[in-house]
Amino acid sequence: MKVIITGGAGFVGRYLVEALVGKEEVVVFDNFSSSRRKFLRELDIKIIEGDIKNFEEVKNACREVDVVYHFAADPDVRRSLKEPLENFRIDVLGTLNILESSRLNNVPQVVFASSSVVYGNAKIPTPENAPIVPISNYGAAKAASEHYVGTYSQLYGIKATVLRYANIIGPRLTHGVVYDFYRKLETNPKELEIFGDGNQEKSYLHVNDAIDATLFAVQKTRKEFSVFNVGSEEQITVKRIADLIVSTLGLEDVQYGYSGGKIGWPGDVPIMLLSIDKLKSLGWEPRFGIEESILNTVDWLRSNRCKQGLERKRCL
Ligand SMILES: NC(=O)c1ccc[n+]([C@@H]2O[C@H](COP(=O)([O-])OP(=O)(O)OC[C@H]3O[C@@H](n4cnc5c(N)ncnc54)[C@H](O)[C@@H]3O)[C@@H](O)[C@H]2O)c1
């Protein structure tokens, strides 16, 4: 089978590439805007440098493909607040380009990386049939994209799996709260700025579990269109994450500064926990605990990042 993975050089996409290489003929489609081509070196794959906003590039890339894994996105809630049009172009128009290219090339199957953010401030634990009420432009973009995936599946018979991920962490992490706290403490081990009041409580999943769940869900997709939450059954506060990282790094007397308020930034969902009953009922469950996942991430960052002061692009 020939599979194309958009965003295959990104944090999650690269793990998916590694899981599928050797089993499928893997093509990565990425513009390397938040990743590097060299992340994929030594992998037996074809790389297409292209932009999902460019329909012709996407259409050409999707020729004779059996499955499209659409993971390319701008996943930054804060940037989507400042640049909603560009976020729309990447996250919605980009997805529509993928779907239309799949239709025109008779691609039978699409897998779409969505997010817990589509639910907004939902009752927790949040099941797949909860109302879709996003509170950020990024969330709205993922929700709109999911709807297009649904209509393309229904109208054109494309088998589709939508995966609504919780926060994913693990080795090679490049963004999110664990990464941000680590970077800040690396720069200044005496102070840590925390957005919000630190009581935001969210769920995090190890990237290895996320990939296992992804492949499991795709394999279990029987209906034309299926939606799965992908998360863990644990939550942790932002303050506890800070404490864990501080103690793992062996730091003492770190002063926490809080920006205040219940949310970290406009569009932030402060309390998040997905119900994973649907995947569990089919036989999948996460293997990593939440604190174990954070420690594993910090351990990797500590042993693999360059010394303080060096530019990130050169380090990773
Ligand atoms: N990481 C998480 O916690 C998380 C949680 C929920 C959902 N998701 C979703 O999972 C997917 C992967 O997330 P990630 O954390 O690996 O993100 P990432 O930013 O690490 O990777 C995204 C990849 O997409 C590429 N890309 C961005 N814009 C592109 C464009 N216009 N054309 C082609 N390629 C482009 C980037 O270069 C990068 O390689 C995204 O769709 C994201 O919304 C991630």
# chains A, B, ... in the order shown; residues from 1 in each chain; ligands from 1
>>> select_by_dssp(residues="stretch 87-313 of chain A", states="strand (DSSP E)", output="ChimeraX atom specification")
/A:109-115,159-165,167-169,191-194,201-202,204-206,225-230,236-237,255-258
>>> residues_near_ligand(ligand="ligand 1", cutoff="6 Å", atoms="only C-alpha atoms and all ligand atoms", output="ChimeraX atom specification")
/A:7-13,30-35,50-53,71-75,90,113-115,165-168
>>> residues_around(residues="stretch 180-193 of chain A", least_positions_apart="6", cutoff="12 Å", atoms="only C-alpha atoms", output="MDAnalysis selection string")
chainID A and resid 169 173:174 238:260 264 294:295 297:302 305:312
>>> residues_around(residues="A:Phe216", least_positions_apart="4", cutoff="12 Å", atoms="only C-alpha atoms", output="list in words")
Thr161, Leu163, Asp209, Ala210, Ile211, Asp212, Lys220, Thr221, Arg222, Phe228, Val230, Lys278, Leu279, Lys280, Leu282, Gly283, Trp284, Glu285 and Pro286 of chain A
>>> select_by_dssp(residues="stretch 151-222 of chain A", states="helix (DSSP H, G or I)", output="number ranges by chain")
A: 151-156, 177-187, 207-220
